[in-house]
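Undergrad: What follows is final14.cif, mmCIF, C-alpha atoms and all ligand atoms.
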```
data_protein
loop_
_atom_site.label_atom_id
_atom_site.label_comp_id
_atom_site.auth_asym_id
_atom_site.auth_seq_id
_atom_site.Cartn_x
_atom_site.Cartn_y
_atom_site.Cartn_z
CA MET K 1496 -21.40 -32.77 28.45
CA PRO K 1497 -23.84 -34.12 25.87
CA GLY K 1498 -22.24 -36.60 23.49
CA ASN K 1499 -18.73 -35.77 22.39
CA GLN K 1500 -19.53 -32.38 20.93
CA PRO K 1501 -16.78 -29.79 21.36
CA THR K 1502 -17.32 -27.07 23.94
CA ARG K 1503 -18.79 -24.07 22.18
CA MET K 1504 -17.52 -20.57 22.83
CA ILE K 1505 -19.50 -17.44 22.07
CA TRP K 1506 -18.48 -13.82 21.67
CA ARG K 1507 -21.71 -11.91 22.12
CA ASP K 1508 -23.01 -8.43 21.44
CA ILE K 1509 -19.95 -7.53 19.40
CA THR K 1510 -19.44 -5.18 16.49
CA LEU K 1511 -18.11 -7.37 13.71
CA PHE K 1512 -15.76 -6.54 10.88
CA ASP K 1513 -15.95 -9.80 8.93
CA GLY K 1514 -12.96 -9.22 6.63
CA ILE K 1515 -14.84 -7.16 4.05
CA ALA K 1516 -17.53 -5.14 5.80
CA THR K 1517 -18.78 -4.08 9.21
CA LEU K 1518 -22.01 -5.76 10.30
CA PRO K 1519 -24.24 -3.27 12.08
CA ALA K 1520 -26.29 -5.41 14.46
CA PRO K 1521 -24.96 -6.61 17.80
CA MET K 1522 -23.51 -9.86 16.53
CA GLY K 1523 -22.66 -13.24 17.99
CA VAL K 1524 -19.80 -15.48 16.87
CA ILE K 1525 -19.81 -19.11 17.95
CA VAL K 1526 -16.66 -21.23 17.76
CA ALA K 1527 -16.63 -25.02 18.01
CA GLY K 1528 -13.19 -26.60 18.12
CA GLU K 1529 -10.90 -25.10 15.49
CA ARG K 1530 -13.65 -23.64 13.35
CA ILE K 1531 -16.17 -20.84 13.38
CA GLU K 1532 -19.55 -22.54 13.61
CA ARG K 1533 -21.98 -19.68 13.37
CA VAL K 1534 -22.08 -15.93 12.78
CA ALA K 1535 -25.45 -14.28 13.43
CA PRO K 1536 -27.17 -11.20 14.85
CA MET K 1537 -27.82 -11.74 18.57
CA SER K 1538 -31.56 -11.52 17.88
CA GLU K 1539 -31.37 -14.74 15.82
CA LEU K 1540 -29.65 -16.80 18.52
CA ASP K 1541 -32.25 -18.62 20.59
CA PRO K 1542 -31.88 -19.23 24.36
CA GLU K 1543 -31.13 -22.92 23.82
CA THR K 1544 -28.21 -22.13 21.55
CA LEU K 1545 -26.89 -19.52 23.95
CA ALA K 1546 -27.22 -21.91 26.89
CA GLY K 1547 -24.88 -24.37 25.15
CA CYS K 1548 -22.05 -21.83 24.87
CA THR K 1549 -19.41 -20.44 27.20
CA VAL K 1550 -19.42 -16.65 26.97
CA MET K 1551 -15.88 -15.54 26.18
CA ALA K 1552 -16.63 -11.83 26.02
CA SER K 1553 -19.48 -9.43 25.60
CA GLY K 1554 -19.07 -6.26 23.52
CA GLY K 1555 -16.04 -4.87 21.71
CA VAL K 1556 -14.97 -4.98 18.08
CA MET K 1557 -14.06 -8.31 16.51
CA THR K 1558 -12.00 -8.71 13.36
CA PRO K 1559 -10.47 -11.75 11.71
CA GLY K 1560 -6.95 -12.45 12.95
CA LEU K 1561 -4.68 -10.08 11.05
CA VAL K 1562 -2.83 -11.36 7.98
CA ASP K 1563 0.58 -9.79 7.33
CA CYS K 1564 1.12 -11.02 3.77
CA HIS K 1565 4.57 -9.51 3.08
CA THR K 1566 7.49 -9.60 5.55
CA HIS K 1567 11.21 -10.21 5.62
CA LEU K 1568 11.29 -11.08 9.35
CA VAL K 1569 14.27 -13.42 9.24
CA PHE K 1570 17.57 -11.58 8.87
CA GLY K 1571 20.95 -11.15 10.53
CA GLY K 1572 22.45 -7.93 11.86
CA SER K 1573 20.98 -4.45 12.00
CA ARG K 1574 21.06 -1.42 9.74
CA ALA K 1575 20.67 1.24 12.44
CA ASP K 1576 24.03 2.67 11.34
CA GLU K 1577 22.67 3.13 7.80
CA PHE K 1578 19.62 4.84 9.23
CA GLU K 1579 21.95 7.41 10.79
CA GLN K 1580 23.85 7.80 7.50
CA ARG K 1581 20.60 8.41 5.66
CA LEU K 1582 19.64 11.07 8.20
CA GLU K 1583 22.95 12.76 7.38
CA GLY K 1584 21.95 12.84 3.71
CA VAL K 1585 23.51 9.69 2.24
CA SER K 1586 21.00 8.09 -0.13
CA TYR K 1587 19.71 4.50 0.02
CA GLU K 1588 21.28 3.88 -3.40
CA GLU K 1589 24.63 5.34 -2.36
CA ILE K 1590 24.69 3.13 0.72
CA ALA K 1591 24.00 0.14 -1.53
CA ARG K 1592 26.86 1.15 -3.87
CA ARG K 1593 29.21 1.24 -0.88
CA GLY K 1594 28.37 -2.42 -0.27
CA GLY K 1595 25.74 -1.69 2.38
CA GLY K 1596 21.97 -1.92 2.01
CA ILE K 1597 20.56 -5.35 1.20
CA LEU K 1598 24.08 -6.76 0.77
CA SER K 1599 25.10 -5.78 4.31
CA THR K 1600 22.14 -7.81 5.59
CA VAL K 1601 23.16 -10.64 3.27
CA ALA K 1602 26.65 -10.70 4.82
CA ALA K 1603 25.23 -10.76 8.35
CA THR K 1604 22.62 -13.40 7.45
CA ARG K 1605 25.19 -15.70 5.84
CA GLU K 1606 27.35 -15.36 8.95
CA ALA K 1607 24.50 -16.24 11.32
CA SER K 1608 23.59 -19.79 12.35
CA GLU K 1609 20.04 -21.07 12.08
CA GLU K 1610 19.85 -20.76 15.87
CA THR K 1611 20.97 -17.11 15.85
CA LEU K 1612 18.52 -16.20 13.09
CA PHE K 1613 15.70 -17.94 14.95
CA ALA K 1614 16.48 -16.14 18.21
CA ALA K 1615 16.60 -12.77 16.45
CA ALA K 1616 13.38 -13.28 14.49
CA ARG K 1617 11.32 -14.68 17.34
CA PRO K 1618 10.72 -11.37 19.21
CA ARG K 1619 9.91 -9.64 15.91
CA LEU K 1620 7.26 -12.23 15.19
CA GLN K 1621 6.05 -12.08 18.80
CA ALA K 1622 5.53 -8.33 18.37
CA LEU K 1623 3.27 -8.98 15.38
CA ILE K 1624 1.38 -11.71 17.25
CA ASP K 1625 0.84 -9.44 20.26
CA GLU K 1626 -0.81 -6.90 17.94
CA GLY K 1627 -3.21 -9.42 16.41
CA VAL K 1628 -1.40 -11.19 13.57
CA THR K 1629 -2.47 -14.83 13.15
CA THR K 1630 -1.04 -15.43 9.66
CA VAL K 1631 2.29 -14.11 8.46
CA GLU K 1632 4.28 -14.55 5.29
CA ILE K 1633 8.06 -14.67 5.70
CA LYS K 1634 10.42 -14.33 2.75
CA SER K 1635 13.97 -15.49 2.28
CA GLY K 1636 16.18 -13.22 0.16
CA TYR K 1637 19.13 -12.35 2.42
CA GLY K 1638 20.97 -15.64 1.83
CA LEU K 1639 21.36 -15.56 -1.96
CA SER K 1640 23.06 -18.99 -2.06
CA VAL K 1641 21.23 -22.30 -2.10
CA ALA K 1642 22.36 -23.20 1.42
CA ASP K 1643 21.68 -19.78 2.93
CA GLU K 1644 18.26 -19.34 1.31
CA LEU K 1645 17.21 -22.79 2.56
CA LYS K 1646 18.57 -21.88 5.99
CA MET K 1647 16.31 -18.80 6.09
CA LEU K 1648 13.26 -20.79 4.99
CA ARG K 1649 13.96 -23.45 7.61
CA VAL K 1650 14.05 -20.74 10.29
CA ALA K 1651 10.73 -19.39 9.01
CA ARG K 1652 9.15 -22.85 9.21
CA ARG K 1653 10.52 -23.37 12.73
CA LEU K 1654 9.05 -20.04 13.85
CA GLY K 1655 5.63 -21.28 12.76
CA GLU K 1656 6.10 -24.45 14.80
CA ALA K 1657 7.27 -22.58 17.91
CA LEU K 1658 4.68 -19.80 18.03
CA PRO K 1659 0.87 -19.74 17.70
CA VAL K 1660 0.76 -18.29 14.20
CA ARG K 1661 0.44 -19.60 10.64
CA VAL K 1662 3.66 -19.00 8.74
CA VAL K 1663 3.63 -18.98 4.95
CA THR K 1664 7.12 -19.08 3.40
CA THR K 1665 8.25 -17.45 0.17
CA LEU K 1666 11.52 -18.06 -1.65
CA LEU K 1667 12.95 -14.68 -2.72
CA GLY K 1668 16.23 -15.89 -4.19
CA ALA K 1669 16.00 -13.21 -6.88
CA HIS K 1670 16.15 -10.33 -4.37
CA ALA K 1671 19.61 -8.95 -5.09
CA LEU K 1672 22.75 -9.98 -6.94
CA PRO K 1673 25.23 -11.61 -4.54
CA PRO K 1674 28.86 -10.37 -4.71
CA GLU K 1675 30.19 -13.62 -6.16
CA PHE K 1676 27.97 -13.11 -9.26
CA LYS K 1677 28.83 -9.41 -9.56
CA ASP K 1678 29.18 -9.40 -13.35
CA ASP K 1679 26.97 -12.37 -14.13
CA SER K 1680 23.36 -11.71 -13.19
CA ASP K 1681 22.11 -14.25 -15.77
CA GLY K 1682 24.37 -16.81 -14.14
CA TYR K 1683 22.79 -16.05 -10.78
CA ILE K 1684 19.27 -16.36 -12.24
CA ARG K 1685 20.31 -19.77 -13.62
CA LEU K 1686 21.32 -20.78 -10.09
CA VAL K 1687 17.94 -19.62 -8.76
CA CYS K 1688 16.04 -21.52 -11.47
CA GLU K 1689 18.11 -24.68 -11.71
CA GLU K 1690 19.22 -25.22 -8.12
CA MET K 1691 17.51 -22.98 -5.59
CA ILE K 1692 13.88 -23.48 -6.63
CA PRO K 1693 14.24 -27.25 -7.13
CA ALA K 1694 15.97 -27.61 -3.73
CA ALA K 1695 13.36 -25.52 -1.89
CA ALA K 1696 10.57 -27.45 -3.63
CA ALA K 1697 12.14 -30.84 -2.87
CA GLU K 1698 12.36 -30.00 0.84
CA GLY K 1699 8.87 -28.47 0.90
CA LEU K 1700 10.34 -25.26 2.29
CA ALA K 1701 8.68 -22.71 0.00
CA ASP K 1702 4.97 -22.02 -0.39
CA ALA K 1703 5.59 -19.46 -3.17
CA VAL K 1704 8.33 -17.77 -5.20
CA ASP K 1705 8.96 -14.02 -5.29
CA VAL K 1706 11.30 -11.76 -7.31
CA PHE K 1707 12.54 -8.16 -7.11
CA CYS K 1708 11.86 -6.74 -10.57
CA GLU K 1709 13.71 -3.42 -10.67
CA THR K 1710 16.59 -1.64 -12.42
CA ILE K 1711 18.73 -2.16 -9.32
CA ALA K 1712 17.71 -5.84 -9.12
CA PHE K 1713 16.46 -8.09 -11.95
CA SER K 1714 14.93 -7.44 -15.37
CA VAL K 1715 11.44 -8.44 -16.48
CA ALA K 1716 12.95 -11.18 -18.67
CA GLN K 1717 15.03 -12.56 -15.79
CA CYS K 1718 12.04 -12.53 -13.45
CA GLU K 1719 9.98 -14.35 -16.07
CA ARG K 1720 12.57 -17.15 -16.13
CA VAL K 1721 12.24 -17.45 -12.36
CA PHE K 1722 8.45 -17.67 -12.68
CA GLU K 1723 8.72 -20.41 -15.32
CA ALA K 1724 10.94 -22.43 -12.98
CA ALA K 1725 8.48 -21.89 -10.13
CA GLU K 1726 5.59 -23.04 -12.32
CA ALA K 1727 7.54 -26.16 -13.28
CA HIS K 1728 7.63 -27.00 -9.57
CA GLY K 1729 3.98 -26.14 -8.97
CA LEU K 1730 4.75 -23.09 -6.86
CA PRO K 1731 2.60 -19.94 -7.00
CA ILE K 1732 4.37 -16.67 -7.74
CA LYS K 1733 4.39 -13.01 -6.70
CA ALA K 1734 6.58 -10.00 -7.40
CA HIS K 1735 8.15 -6.92 -5.85
CA ALA K 1736 7.42 -4.65 -8.80
CA GLU K 1737 7.08 -1.02 -9.81
CA GLN K 1738 8.58 0.09 -6.48
CA LEU K 1739 11.13 2.57 -7.84
CA SER K 1740 10.31 2.66 -11.56
CA ASN K 1741 7.81 1.28 -14.08
CA LEU K 1742 9.32 -1.73 -15.86
CA GLY K 1743 6.10 -3.65 -16.46
CA GLY K 1744 7.00 -6.37 -13.96
CA SER K 1745 3.50 -6.41 -12.45
CA ALA K 1746 1.84 -6.98 -15.84
CA MET K 1747 4.27 -9.80 -16.64
CA ALA K 1748 3.64 -11.35 -13.22
CA ALA K 1749 -0.11 -11.04 -13.78
CA ARG K 1750 0.22 -12.84 -17.12
CA HIS K 1751 1.73 -15.71 -15.13
CA GLY K 1752 -1.22 -15.69 -12.75
CA ALA K 1753 0.64 -14.06 -9.85
CA LEU K 1754 -1.01 -14.10 -6.46
CA SER K 1755 0.08 -10.49 -6.02
CA ALA K 1756 2.19 -7.57 -7.18
CA ASP K 1757 3.72 -5.74 -4.24
CA HIS K 1758 4.80 -2.08 -3.70
CA ILE K 1759 3.52 -0.82 -7.12
CA GLU K 1760 3.99 2.90 -6.52
CA TYR K 1761 4.88 3.27 -10.23
CA LEU K 1762 2.14 0.98 -11.59
CA ASP K 1763 0.47 2.41 -14.72
CA GLU K 1764 -3.02 1.93 -16.23
CA ALA K 1765 -1.94 -1.11 -18.24
CA GLY K 1766 -0.55 -2.65 -15.07
CA VAL K 1767 -3.81 -2.04 -13.21
CA ALA K 1768 -5.74 -3.67 -16.07
CA ALA K 1769 -3.40 -6.67 -16.06
CA LEU K 1770 -3.87 -7.20 -12.31
CA ARG K 1771 -7.63 -6.96 -12.72
CA GLU K 1772 -7.71 -9.51 -15.53
CA ALA K 1773 -5.53 -11.97 -13.64
CA GLY K 1774 -7.35 -11.54 -10.33
CA SER K 1775 -4.03 -10.68 -8.69
CA VAL K 1776 -3.90 -8.69 -5.46
CA ALA K 1777 -2.21 -5.28 -5.22
CA VAL K 1778 -0.14 -5.39 -2.02
CA LEU K 1779 0.42 -1.91 -0.57
CA LEU K 1780 3.42 -1.36 1.69
CA PRO K 1781 3.10 2.05 3.31
CA GLY K 1782 5.93 1.32 5.76
CA ALA K 1783 8.49 1.27 2.93
CA PHE K 1784 6.89 4.36 1.38
CA HIS K 1785 7.26 6.12 4.73
CA THR K 1786 10.80 4.93 5.52
CA LEU K 1787 12.19 5.81 2.09
CA ARG K 1788 10.26 9.09 2.13
CA GLU K 1789 8.72 8.22 -1.23
CA THR K 1790 6.54 10.81 -2.90
CA LYS K 1791 5.04 8.76 -5.77
CA LEU K 1792 1.75 7.30 -4.56
CA PRO K 1793 0.44 3.94 -5.78
CA PRO K 1794 -2.56 4.36 -8.15
CA ILE K 1795 -5.14 3.78 -5.43
CA ALA K 1796 -8.10 5.37 -7.24
CA ALA K 1797 -7.47 3.35 -10.41
CA LEU K 1798 -7.08 0.11 -8.43
CA ARG K 1799 -10.27 0.84 -6.52
CA GLU K 1800 -12.18 1.65 -9.70
CA ALA K 1801 -10.94 -1.52 -11.39
CA GLY K 1802 -11.95 -3.61 -8.40
CA VAL K 1803 -8.43 -4.93 -7.82
CA PRO K 1804 -8.27 -6.21 -4.22
CA MET K 1805 -5.79 -4.17 -2.19
CA ALA K 1806 -3.86 -5.81 0.64
CA VAL K 1807 -1.81 -3.95 3.25
CA ALA K 1808 1.31 -5.41 4.89
CA THR K 1809 4.26 -4.34 7.03
CA ASP K 1810 7.10 -5.31 4.63
CA ALA K 1811 8.97 -5.72 7.95
CA ASN K 1812 12.67 -5.73 6.99
CA PRO K 1813 15.93 -4.20 8.25
CA GLY K 1814 16.29 -1.63 5.46
CA SER K 1815 13.24 -0.11 3.85
CA SER K 1816 10.62 -0.89 6.52
CA PRO K 1817 11.98 -1.65 10.00
CA ILE K 1818 8.43 -1.68 11.30
CA PHE K 1819 6.94 -4.57 13.23
CA ASP K 1820 3.53 -3.11 13.99
CA PRO K 1821 0.50 -4.19 11.93
CA THR K 1822 -2.06 -1.73 13.31
CA LEU K 1823 0.34 1.14 12.56
CA MET K 1824 0.12 -0.02 8.93
CA LEU K 1825 -3.66 0.39 9.04
CA ASN K 1826 -3.09 4.00 10.02
CA PHE K 1827 -0.34 4.53 7.40
CA ALA K 1828 -2.52 3.00 4.67
CA CYS K 1829 -5.21 5.58 5.44
CA THR K 1830 -3.00 8.57 6.21
CA LEU K 1831 -0.43 8.11 3.44
CA PHE K 1832 -2.43 6.25 0.76
CA ARG K 1833 -5.95 7.53 1.52
CA LEU K 1834 -7.52 4.10 1.92
CA THR K 1835 -10.71 4.08 3.95
CA PRO K 1836 -10.37 2.36 7.34
CA GLN K 1837 -12.56 -0.47 5.99
CA GLU K 1838 -10.29 -0.90 2.97
CA ALA K 1839 -7.22 -0.92 5.20
CA LEU K 1840 -8.78 -3.56 7.47
CA ALA K 1841 -9.83 -5.70 4.50
CA GLY K 1842 -6.24 -5.28 3.30
CA MET K 1843 -4.90 -6.90 6.46
CA THR K 1844 -7.57 -9.61 6.59
CA ALA K 1845 -9.49 -10.96 3.59
CA HIS K 1846 -7.30 -9.44 0.87
CA GLY K 1847 -4.09 -10.24 2.73
CA ALA K 1848 -5.20 -13.87 2.81
CA ARG K 1849 -5.97 -13.72 -0.88
CA ALA K 1850 -2.46 -12.39 -1.60
CA LEU K 1851 -1.24 -15.64 -0.05
CA GLY K 1852 -3.72 -17.83 -1.90
CA LEU K 1853 -5.39 -18.71 1.39
CA ASP K 1854 -8.71 -16.95 0.98
CA ASP K 1855 -10.40 -19.73 -0.95
CA ARG K 1856 -9.71 -23.32 -1.83
CA ARG K 1857 -7.24 -22.74 -4.64
CA PHE K 1858 -4.15 -23.63 -2.61
CA SER K 1859 -5.51 -24.93 0.71
CA ASP K 1860 -8.68 -25.90 2.50
CA LEU K 1861 -8.49 -22.75 4.59
CA ALA K 1862 -10.67 -19.72 4.11
CA LEU K 1863 -8.56 -17.29 6.08
CA GLY K 1864 -9.09 -13.60 6.64
CA ARG K 1865 -12.85 -13.83 7.08
CA ILE K 1866 -15.27 -14.44 9.88
CA GLU K 1867 -17.78 -16.87 8.43
CA ALA K 1868 -19.14 -20.29 9.29
CA GLY K 1869 -16.62 -23.00 8.46
CA ALA K 1870 -13.54 -20.76 8.51
CA PRO K 1871 -10.68 -21.46 10.94
CA ALA K 1872 -11.26 -19.62 14.22
CA ASP K 1873 -8.54 -16.96 13.93
CA LEU K 1874 -10.06 -13.96 15.68
CA CYS K 1875 -9.15 -10.70 17.41
CA LEU K 1876 -11.28 -8.82 19.89
CA TRP K 1877 -10.27 -5.19 20.28
CA ASN K 1878 -10.85 -2.54 22.93
CA VAL K 1879 -12.15 0.07 20.49
CA ASP K 1880 -15.58 1.50 19.75
CA THR K 1881 -15.61 0.99 15.99
CA PRO K 1882 -13.45 -0.86 13.44
CA ALA K 1883 -12.37 2.50 12.00
CA ALA K 1884 -10.90 3.44 15.38
CA LEU K 1885 -8.26 0.74 14.91
CA ALA K 1886 -6.85 2.69 11.97
CA TYR K 1887 -7.55 6.10 13.45
CA ALA K 1888 -5.40 5.99 16.59
CA VAL K 1889 -1.80 4.81 16.76
CA GLN K 1890 -2.04 2.99 20.05
CA PRO K 1891 -0.53 -0.44 20.67
CA GLY K 1892 -2.10 -2.56 23.40
CA ARG K 1893 -5.74 -2.51 22.32
CA LEU K 1894 -5.90 -6.25 21.63
CA ARG K 1895 -8.25 -7.71 24.25
CA GLN K 1896 -8.39 -11.31 23.09
CA ARG K 1897 -6.68 -13.25 20.34
CA VAL K 1898 -7.87 -16.63 19.14
CA PHE K 1899 -5.65 -18.77 16.95
CA ASN K 1900 -7.16 -21.89 15.42
CA GLY K 1901 -9.81 -22.02 18.13
CA GLU K 1902 -7.37 -21.51 21.02
CA VAL K 1903 -7.44 -18.33 23.08
CA THR K 1904 -3.79 -17.22 23.10
CA HIS K 1905 -4.20 -13.71 24.56
CA ASP K 1906 -6.76 -12.64 27.16
N1 LIG H 2001 12.08 -3.94 -1.67
C1 LIG H 2001 12.18 -3.49 -0.44
O1 LIG H 2001 11.67 -2.47 -0.05
C2 LIG H 2001 12.97 -4.41 0.36
N2 LIG H 2001 13.23 -5.44 -0.59
C3 LIG H 2001 12.71 -5.11 -1.75
O2 LIG H 2001 12.80 -5.81 -2.73
C4 LIG H 2001 14.23 -3.79 0.85
C5 LIG H 2001 14.95 -4.73 1.71
C6 LIG H 2001 16.17 -4.11 2.36
O3 LIG H 2001 16.51 -2.94 2.16
O4 LIG H 2001 16.82 -4.88 3.08
FE FE H 2002 9.52 -6.56 0.53
#
```
Would you put the structure from the file into structure tokens?
Ligand code: DI6
Ligand code: FE
TA:
Amino acid sequence: MPGNQPTRMIWRDITLFDGIATLPAPMGVIVAGERIERVAPMSELDPETLAGCTVMASGGVMTPGLVDCHTHLVFGGSRADEFEQRLEGVSYEEIARRGGGILSTVAATREASEETLFAAARPRLQALIDEGVTTVEIKSGYGLSVADELKMLRVARRLGEALPVRVVTTLLGAHALPPEFKDDSDGYIRLVCEEMIPAAAAEGLADAVDVFCETIAFSVAQCERVFEAAEAHGLPIKAHAEQLSNLGGSAMAARHGALSADHIEYLDEAGVAALREAGSVAVLLPGAFHTLRETKLPPIAALREAGVPMAVATDANPGSSPIFDPTLMLNFACTLFRLTPQEALAGMTAHGARALGLDDRRFSDLALGRIEAGAPADLCLWNVDTPAALAYAVQPGRLRQRVFNGEVTHD
């Protein structure tokens, strides 16, 4: 081998969705080591260049590795019993009032050891990986005490060490009010601000801080206190907002420079404008919309018109979105929310990365979610004819090759 240059790999004659758009020509993608070295039409690659590369595949559709920017993959227990109750007509809210819902997962998560949580989450994450995910965000939020939130975040970090996937962690201490603070939600917010965030920051366990801004969770003012504490520790912020009602949580989050506002079925014009001005991402979660049989659609046309980037994620969690299938979300985003297949794909690649602050050099030296020279080689090759076909058919098992950080993990 000449010198100590890394072995080059080429995917040739492929149809390329680069994270934003589909490139029409038969394309070539060359990977050297952990990075993408070159992306070019086949006609521009001379014989000498081609001779220096190992052909990994010829033909097929290539996309960036999928980015699932919103999950709650680490949790104890199951809520299959509540699913049955809901089918019998008991509402999500009524189940919550009976002490079920999020709080039933909190009880099971507190009970579980780190080992148990890890063992339960691993196959969920493996399912995402096997369908093309190379970057995943994992939230805490079912511990709701300093020790149990840190336990969840530690499990999330360990998952990223054990499996070939980038894990981004988010502290969601302000997810629900734990029973021991039943009549003192301000007291709980103080705990989040004064103990939980500092502890997570000190141990380097959280990459961002999230809140649930909703009538059944925390007020705009309480969420703002959480954001101020996050800022004091240099942590970026995001919000579950406008999921069940319009409180203005997204606009407040945008004023604080939020990476994203997530759910946003009830987002109004002012909220759309605030996201646009802040450059925040609108994260769409069609799995929760589907599971809760929502009827209020997020303001897709207004977001599109304003140029707000739209991400798509699974929201994988035991209650409102027990769905561990990223390509199904591409289909749901189109079928339920009327995104174009290209928009849905951008939502699970370039814009998903942006919702995590990983699309540019603001928070890291990665440029994830795109296929371009210099970016980490996180790639998926699919057995489909066109990128749109990935969203069109609901058909697991079409992943032909998966490359994570320059390593072929699936072939
Ligand atoms: N919104 C949701 O849809 C999930 N969390 C949130 O803030 C629900 C999580 C659950 O039901 O366990
Ligand atoms: Fe969520």
Undergrad: Can you tell me which residues come within 7 Å of ligand LIG 2001 (chain H) when counting only C-alpha atoms and all ligand atoms, ideally as a list in words?
TA: Gly1596, Ile1597, Thr1600, His1670, Phe1707, His1735, Ala1783, Asn1812, Pro1813, Gly1814, Ser1815 and Ser1816 of chain K
Undergrad: What gap, in Å, lies between atom CA of Ile1531 of chain K and atom CA of Thr1665 of chain K?
TA: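 Computing it gives 28.0 Å between the two atoms.
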Undergrad: How close does segment 1697-1766 of chain K get to segment 1652-1664 of chain K? List, as a Markdown table, each residue of segment 1697-1766 of chain K within 8 Å, its nearest atom pair and the distance in Å to one decimal, counting only C-alpha atoms.
TA:
```
| residue | atom | partner | partner_atom | distance |
| --- | --- | --- | --- | --- |
| K:Leu1700 | CA | K:Thr1664 | CA | 7.1 |
| K:Ala1701 | CA | K:Thr1664 | CA | 5.2 |
| K:Asp1702 | CA | K:Thr1664 | CA | 5.3 |
| K:Ala1703 | CA | K:Thr1664 | CA | 6.8 |
```
Undergrad: Nearest to Gly1892 of chain K among K:Arg1593, K:Arg1788, K:Leu1863, K:Ala1622, with distances taken over all atoms listed in the file: which residue is it?
TA: K:Ala1622
Undergrad: Calculated over only C-alpha atoms, which of the candidates K:Gly1744, K:Gly1555, K:Gly1572, K:Pro1536 has the smallest distance to Asp1880 of chain K?
TA: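 For Asp1880 of chain K, the nearest of the given residues is K:Gly1555.
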Undergrad: Would you compute the distance between atom CA of Ala1870 of chain K and atom CA of Arg1530 of chain K? Give it in Å to one decimal.
TA: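 That distance, rounded to one decimal, is 5.6 Å.
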Undergrad: List all protein, DNA and RNA residues that have at least one atom no more than 8 Å from any atom of ligand FE 2002 (chain H), counting all atoms listed in the file, and write them as a tab-separated table (two decimals) with C-alpha atoms, keeping the file's coordinate frame.
TA:
```
chain	number	residue	atom	x	y	z
K	1565	HIS	CA	4.57	-9.51	3.08
K	1566	THR	CA	7.49	-9.60	5.55
K	1567	HIS	CA	11.21	-10.21	5.62
K	1735	HIS	CA	8.15	-6.92	-5.85
K	1757	ASP	CA	3.72	-5.74	-4.24
K	1758	HIS	CA	4.80	-2.08	-3.70
K	1810	ASP	CA	7.10	-5.31	4.63
K	1811	ALA	CA	8.97	-5.72	7.95
K	1812	ASN	CA	12.67	-5.73	6.99
```
Undergrad: Mind checking which residues fall within 10 Å of Ala1642 of chain K, counting all atoms listed in the file, ignoring those fewer than 2 positions away in the same chain, and posting them as a ChimeraX atom specification?
TA: /K:1605,1638-1640,1644-1647,1691,1694-1695
